[in-house]
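Worksheet: one structure, shown below.
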2 protein chains.
Amino acid sequence: MGVTALVAHSGGPTSVINASLAGVIEQARRERDISRLIGARFGVDGILRQNFVDLFALPEEQLAALNHAPSSAIGSSRRALTPADDERILEVCRANDVRFLFYTGGNGSMETARRIARLSSAAGQPLSVIGVPKTIDNDVAGTDHTPGYPSAAQFFACAARDIGADNGALLDQVQLVEVLGRNAGWLAAATALARHDENDPPHLVYVPERPLPLTRFLDDVQRVFDRLGRAVVAVCEGQLDEHGEPFGADVRMTSRGPLATNLAHRLATLVTERLGLKARAEKPGLLGRSTALVQHALDRDEAHRCGAAAVRAAIDGASAVMVALARAPGRDYTCSTTLVPLKTVAGVERHLPAEWISEEGRDVRPEFLEYARPLVGEIDHYPFWGGR
Amino acid sequence: MGVTALVAHSGGPTSVINASLAGVIEQARRERDISRLIGARFGVDGILRQNFVDLFALPEEQLAALNHAPSSAIGSSRRALTPADDERILEVCRANDVRFLFYTGGNGSMETARRIARLSSAAGQPLSVIGVPKTIDNDVAGTDHTPGYPSAAQFFACAARDIGADNGALLDQVQLVEVLGRNAGWLAAATALARHDENDPPHLVYVPERPLPLTRFLDDVQRVFDRLGRAVVAVCEGQLDEHGEPFGADVRMTSRGPLATNLAHRLATLVTERLGLKARAEKPGLLGRSTALVQHALDRDEAHRCGAAAVRAAIDGASAVMVALARAPGRDYTCSTTLVPLKTVAGVERHLPAEWISEEGRDVRPEFLEYARPLVGEIDHYPFWGGR
């Protein structure tokens with residue numbers, strides 16, 4: 001007779017969070033020590049309300065489909081937990097005889113996982129809490145990268161290439177592409193992988209790690225436009241100016257602080273007003289994390305392995321750890337799963353290193369491309385007559 | 001010794017306009033009567049400046065790649081032509097001994113083609129002008145649909161499904177998806193193909209053929225949110241309210257009149273202000289017409305066939321006609337190419353028929369789905385635990 005294990009999702013979905021879930025399910029089924037695996041519907045909300053689904057009852061063909069399905073099949077939550085919620089989670093785990101908790105999320109979710117682990121330990125309640133990394137933002141410490149990042153990075157690199165191809169066919173405007181990532185520039189930086197030649201789009205890449213004075217932005221755009229008769233700009237949704245303000249964009253409050261809702265649109269408006277150039281902005285937005293159109297095989301495989309590794313870690317007696325990806329040294333890319341203490345990753349936002357951003361702050365350095373290329377893969381290109 | 005043929009692109013690119021170009025090139029190579037095929041760089045601009053590329057010189061492997069490459073490989077133009085431009089085009093064709101002109105575009109471009117055909121005829125200049133249909137908007141008369149529409153429709157249907165899956169995993173907001181199409185609702189309507197069950201997203205679909213009073217929009221959103229705890233809304237970029245205004249969105253002047261630049265964002269803002277609901281908007285924008293991620297095989301094949309048919313039409317002595325797609329009656333979908341006079345399609349905007357829009361104006365009728373499904377294909381879905 002084995003124990004009950006519980007898996008929950010937290011925060012925004014990715015295109016491979018279900019692959020991690022499939023990894024948990026498949027590994028748990030193999031383990032004699034686990035007799036029941038339940039999934040919380042809509043994250044901690046599902047735990048608090050004891051709204052669970054029996055994951056061992058999932059038919060085989062649905063399990064196979066799950067591995068490829070974007071978004072979160074069991075649902076997720078952004079709820080900010082109170083101390084009373086923490087206590088209630090422990091109580092629900094006790095009541096349902098849950099001994100393993102697999103908590104899937106980003107750095108904020110790892111903070112929750114750490115708190116639960118600490119509380120259960122203090123209360124003498126036997127509960128292994130294992131974090132499964134997940135975020136397109138790639139801003140989690142202790143891991144080479146996070147599952148979800150490679151697919152989203154590939155999506156935005158393709159978006160920059162394709163919107164750039166459109167821009168290059170008409171030569172009549174400045175084109176802004178808004179990229180997800182909040183305060184972290186990992187995704188915006190990845191659009192640089194779309195380039196094969198010096199003049200390929202994106203011509204300017206801005207990351208929120210570096211404040212961007214409006215005058216410098218406008219100068220950059222004008223210079224590219226003067227040279228090429230066009231300009232494609234990749235900018236992160238969380239980009240701020242030198243005053244820490246989003247250029248006058250609309251802002252809304254989120255569970256993780258204020259966030260501009262129309263940054264690229266605002267910048268396009270400024271380009272037209274200040275430079276007199278035709279400009280437009282696109283915001284693929286959540287499509288960048290939820291699309292089934294780009295689900296990178298490497299990412300899916302790694303996400304699945306992270307899920308399986310979490311189950312193995314619990315079986316092996318670990319707790320208060322997060323599964324991480326460790327890249328092997330050497331030219332050929334390989335990553336293996338490892339474990340890092342939750343306390344080293346909880347609540348830590350990992351930013352794009354300053355030395356990977358170009359001096360002028362409008363591009364990334366080759367070191368970033370070397371890091372990202374094996375993860376994101378080669379981005380096809382379509383070179384024909386080019387230029388004007 | 002054959003004649004010189006010229007091909008030019010006009011207006012916004014699509015993901016299969018290059019497939020039509022490949023069709024022109026491949027068919028022209030087969031024709032003994034054509035000894036030279038040149039492409040205008042950047043549409044009429046290239047004609048006016050005699051900026052041409054030799055399309056017979058395109059290496060085989062590039063020709064194969066062209067068939068799959070999104071955007072326009074030779075470049076396009078939105079230039080509004082003056083009478084002097086028209087004369088200059090005829091003059092350039094005379095000077096370069098161009099006898100066949102393949103003009104690829106939408107209804108506005110067919111108006112240009114008709115003018116050129118009429119002028120050359122009046123001047124006794126031997127020039128066959130053949131229109132090749134191209135637009136994601138599907139608003140060209142005389143054809144079952146336009147090449148470019150099926151791919152873009154598939155993209156936006158997948159976008160509605162995937163952003164809808166994200167929305168369903170978090171259950172915390174109203175999600176607006178802005179769809180291309182300007183004044184025509186064909187693309188917005190196609191998002192309804194994403195649904196497999198009654199409660200699947202998109203929950204509301206608005207098309208610009210039907211004015212949308214703000215109060216009705218807000219009522220619709222509130223009603224869906226009350227029922228499902230979420231709402232996914234597909235709205236065309238050109239949607240107007242009952243006063244013919246875009247709900248207070250920002251507007252810019254384009255070659256085809258004013259167009260809102262942030263319609264979905266504006267509606268999301270109104271949802272939050274008036275209903276107190278969390279709302280966000282995504283605008284995949286030009287990605288919807290330029291993406292290499294969705295290039296529908298049927299669309300590519302039809303686009304290619306339209307290009308080849310244009311060459312055959314010129315060889316057969318036709319002029320002042322557009323290639324069109326005619327759907328065969330019966331259950332199984334097949335389309336063949338045919339020819340329609342330019343005068344019947346030039347400048348005519350074909351809208352979504354009123355009888356294909358639901359009475360309440362917030363959805364499409366089954367007749368539209370029957371029309372569109374064979375073009376767009378089945379949209380996969382990912383049903384797991386669903387609902388709350």
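In the structure tokens, chains take the letters A, B, ... in the order shown, each chain's residues start at 1, and ligands count up from 1 in the order shown.
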>> Contacts from chain B to chain A, 6 Å maximum, only C-alpha atoms: show me the residue list as a PyMOL selection string.
In response: chain B and resi 71-73+75-77+162-163+165-166+169-170+282-285+287+290-291+384
> Got a sec to tell me which of region 148-263 of chain A DSSP assigns to strand (DSSP E), as a ChimeraX atom specification?
Replying inline: /A:174-179,204-206,231-236,251-254,257-260
>> Using only C-alpha atoms, which protein or nucleic acid residues come within 8 Å of region 210-223 of chain A? Drop anything in the same chain fewer than 2 positions from it, and give the result as an MDAnalysis selection string.
In response: chainID A and resid 174 204 206:208 225:227 231 239:242 244 247 271 274:275 361
For region 374-379 of chain B, find every residue with an atom within 7 Å (counting only C-alpha atoms), except residues of its own chain fewer than 6 positions away, and show them as a PDB file with C-alpha atoms, in the first residue's frame.
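out.pdb written:
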```
ATOM      1  CA  PRO B 150      -7.470  29.765 -45.193  1.00  0.00           C
ATOM      2  CA  SER B 151      -4.044  30.081 -43.542  1.00  0.00           C
ATOM      3  CA  ALA B 153      -8.256  31.877 -40.644  1.00  0.00           C
ATOM      4  CA  GLN B 154      -6.528  28.779 -39.288  1.00  0.00           C
ATOM      5  CA  CYS B 158      -5.841  28.381 -33.255  1.00  0.00           C
ATOM      6  CA  LEU B 193     -14.194  26.986 -35.790  1.00  0.00           C
ATOM      7  CA  ALA B 194     -12.101  26.554 -32.635  1.00  0.00           C
ATOM      8  CA  TYR B 333     -14.607  19.940 -51.011  1.00  0.00           C
TER       9      TYR B 333
END
```
> Distance CA of Leu90 (chain A)-CA of Gly124 (chain A), one decimal place?
Replying inline: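 Atom-to-atom, CA of Leu90 (chain A) to CA of Gly124 (chain A), that is 11.0 Å.
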> Got a sec: who's within 8 Å of Gly106 (chain A), counting only C-alpha atoms, leaving out chain neighbours fewer than 3 positions off, as a ChimeraX atom specification?
Replying inline: /A:10-11,109-110,133-135,139-140
>> List as a PyMOL selection string the protein and nucleic acid residues near Trp356 (chain B), meaning an atom at most 12 Å away when only C-alpha atoms are counted, but skip any in the same chain fewer than 3 places from it.
In response: chain B and resi 185-186+189-190+207+209-210+351-353+359-372
>> My list of candidates is A:Gly148, A:Ile116, A:Ala268, A:Leu339. Which is closest to Ile89 (chain A) when distances are computed with only C-alpha atoms?
In response: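 Looking at the shortest contact to Ile89 (chain A), the residue is A:Ile116.
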>> As an exercise, work out the distance from CA of Ala80 (chain A) to CA of Arg114 (chain A) in Å and give it to one decimal place.
In response: 14.5 Å
>> What parts of region 187-345 of chain B does DSSP call alpha helix (DSSP H)? I'd like the answer as a PyMOL selection string.
In response: chain B and resi 187-190+214-228+263-270+287-290+297-315+342-345
Show me, as a compact mmCIF listing (two decimals) with N, CA and C atoms, in the first residue's frame, the residues that have an atom within 10 Å of region 307-311 of chain B when counting only C-alpha atoms, minus same-chain residues fewer than 4 positions from it.
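out38.txt was written with the following content:
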```
# COMPACT_ATOMS: atom_id res chain seq x y z
N ALA B 5 7.14 38.49 -69.53
CA ALA B 5 6.03 38.58 -68.58
C ALA B 5 6.53 39.24 -67.30
N VAL B 7 5.52 40.06 -63.18
CA VAL B 7 4.64 39.78 -62.04
C VAL B 7 4.92 40.80 -60.94
N ILE B 17 1.29 34.15 -50.60
CA ILE B 17 1.46 34.95 -51.81
C ILE B 17 2.69 34.48 -52.59
N ASN B 18 3.70 34.00 -51.86
CA ASN B 18 4.88 33.45 -52.54
C ASN B 18 4.57 32.13 -53.24
N ALA B 19 3.60 31.40 -52.74
CA ALA B 19 3.20 30.16 -53.43
C ALA B 19 2.57 30.51 -54.77
N SER B 20 1.79 31.58 -54.82
CA SER B 20 1.24 32.03 -56.11
C SER B 20 2.38 32.46 -57.04
N LEU B 21 3.36 33.13 -56.47
CA LEU B 21 4.52 33.54 -57.27
C LEU B 21 5.24 32.31 -57.82
N ALA B 22 5.41 31.31 -56.97
CA ALA B 22 6.06 30.06 -57.42
C ALA B 22 5.23 29.42 -58.53
N GLY B 23 3.90 29.50 -58.41
CA GLY B 23 3.03 28.95 -59.46
C GLY B 23 3.21 29.67 -60.78
N VAL B 24 3.33 30.99 -60.72
CA VAL B 24 3.58 31.79 -61.93
C VAL B 24 4.93 31.38 -62.55
N ILE B 25 5.94 31.30 -61.71
CA ILE B 25 7.29 31.00 -62.23
C ILE B 25 7.31 29.60 -62.86
N GLU B 26 6.78 28.63 -62.14
CA GLU B 26 6.86 27.25 -62.65
C GLU B 26 6.07 27.08 -63.95
N GLN B 27 4.88 27.71 -64.00
CA GLN B 27 4.09 27.58 -65.23
C GLN B 27 4.74 28.35 -66.38
N ALA B 28 5.25 29.53 -66.09
CA ALA B 28 5.89 30.34 -67.14
C ALA B 28 7.10 29.63 -67.73
N ARG B 29 7.82 28.92 -66.88
CA ARG B 29 8.99 28.17 -67.38
C ARG B 29 8.58 27.09 -68.37
N ARG B 30 7.38 26.58 -68.17
CA ARG B 30 6.91 25.51 -69.05
C ARG B 30 6.44 26.04 -70.40
N GLU B 31 6.14 27.35 -70.44
CA GLU B 31 5.53 27.91 -71.65
C GLU B 31 6.60 28.41 -72.61
N ILE B 34 6.75 32.19 -73.43
CA ILE B 34 7.32 33.18 -72.48
C ILE B 34 8.82 32.94 -72.41
N PHE B 100 2.67 40.35 -70.85
CA PHE B 100 1.79 39.77 -69.83
C PHE B 100 2.10 40.43 -68.48
N LEU B 101 1.05 40.92 -67.82
CA LEU B 101 1.22 41.48 -66.48
C LEU B 101 0.37 40.69 -65.50
N PHE B 102 1.03 40.06 -64.54
CA PHE B 102 0.32 39.29 -63.51
C PHE B 102 0.31 40.12 -62.24
N TYR B 103 -0.87 40.62 -61.91
CA TYR B 103 -0.97 41.56 -60.80
C TYR B 103 -1.68 40.87 -59.64
N THR B 104 -0.94 40.74 -58.53
CA THR B 104 -1.40 39.93 -57.40
C THR B 104 -1.87 40.82 -56.27
N VAL B 129 -3.49 41.77 -69.01
CA VAL B 129 -3.43 42.00 -67.57
C VAL B 129 -4.28 40.95 -66.87
N ILE B 130 -3.63 40.14 -66.05
CA ILE B 130 -4.34 39.06 -65.36
C ILE B 130 -4.20 39.27 -63.86
N GLY B 131 -5.32 39.31 -63.17
CA GLY B 131 -5.29 39.46 -61.72
C GLY B 131 -5.13 38.11 -61.03
N VAL B 132 -4.28 38.10 -60.02
CA VAL B 132 -4.14 36.90 -59.18
C VAL B 132 -4.66 37.27 -57.80
N PRO B 133 -5.71 36.60 -57.32
CA PRO B 133 -6.32 37.03 -56.06
C PRO B 133 -5.43 36.72 -54.87
N GLU B 302 -3.70 25.87 -53.45
CA GLU B 302 -4.61 26.69 -54.24
C GLU B 302 -3.94 27.98 -54.73
N ALA B 303 -3.14 28.57 -53.85
CA ALA B 303 -2.42 29.79 -54.25
C ALA B 303 -1.50 29.50 -55.42
N ILE B 315 -1.53 33.07 -71.81
CA ILE B 315 -1.15 32.30 -73.01
C ILE B 315 -2.37 32.08 -73.91
N ASP B 316 -3.51 31.84 -73.27
CA ASP B 316 -4.75 31.59 -74.02
C ASP B 316 -5.38 32.87 -74.57
N ALA B 318 -6.39 35.64 -72.82
CA ALA B 318 -7.30 36.40 -71.97
C ALA B 318 -6.64 37.69 -71.50
N SER B 319 -7.46 38.65 -71.14
CA SER B 319 -6.96 39.85 -70.46
C SER B 319 -8.10 40.48 -69.69
N VAL B 321 -8.96 39.98 -66.76
CA VAL B 321 -9.66 38.97 -65.95
C VAL B 321 -8.87 38.71 -64.66
N MET B 322 -9.57 38.17 -63.68
CA MET B 322 -8.91 37.70 -62.46
C MET B 322 -9.12 36.20 -62.36
N VAL B 323 -8.10 35.50 -61.93
CA VAL B 323 -8.27 34.08 -61.61
C VAL B 323 -9.15 33.99 -60.37
N ALA B 324 -10.08 33.06 -60.38
CA ALA B 324 -10.94 32.87 -59.21
C ALA B 324 -10.99 31.40 -58.85
N SER B 336 -11.79 24.50 -58.24
CA SER B 336 -10.99 24.62 -59.46
C SER B 336 -10.83 26.09 -59.78
N THR B 337 -9.83 26.39 -60.61
CA THR B 337 -9.62 27.79 -60.98
C THR B 337 -10.49 28.13 -62.18
N THR B 338 -10.92 29.36 -62.22
CA THR B 338 -11.72 29.86 -63.33
C THR B 338 -11.32 31.33 -63.54
N LEU B 339 -11.97 31.99 -64.48
CA LEU B 339 -11.63 33.40 -64.73
C LEU B 339 -12.88 34.25 -64.60
```
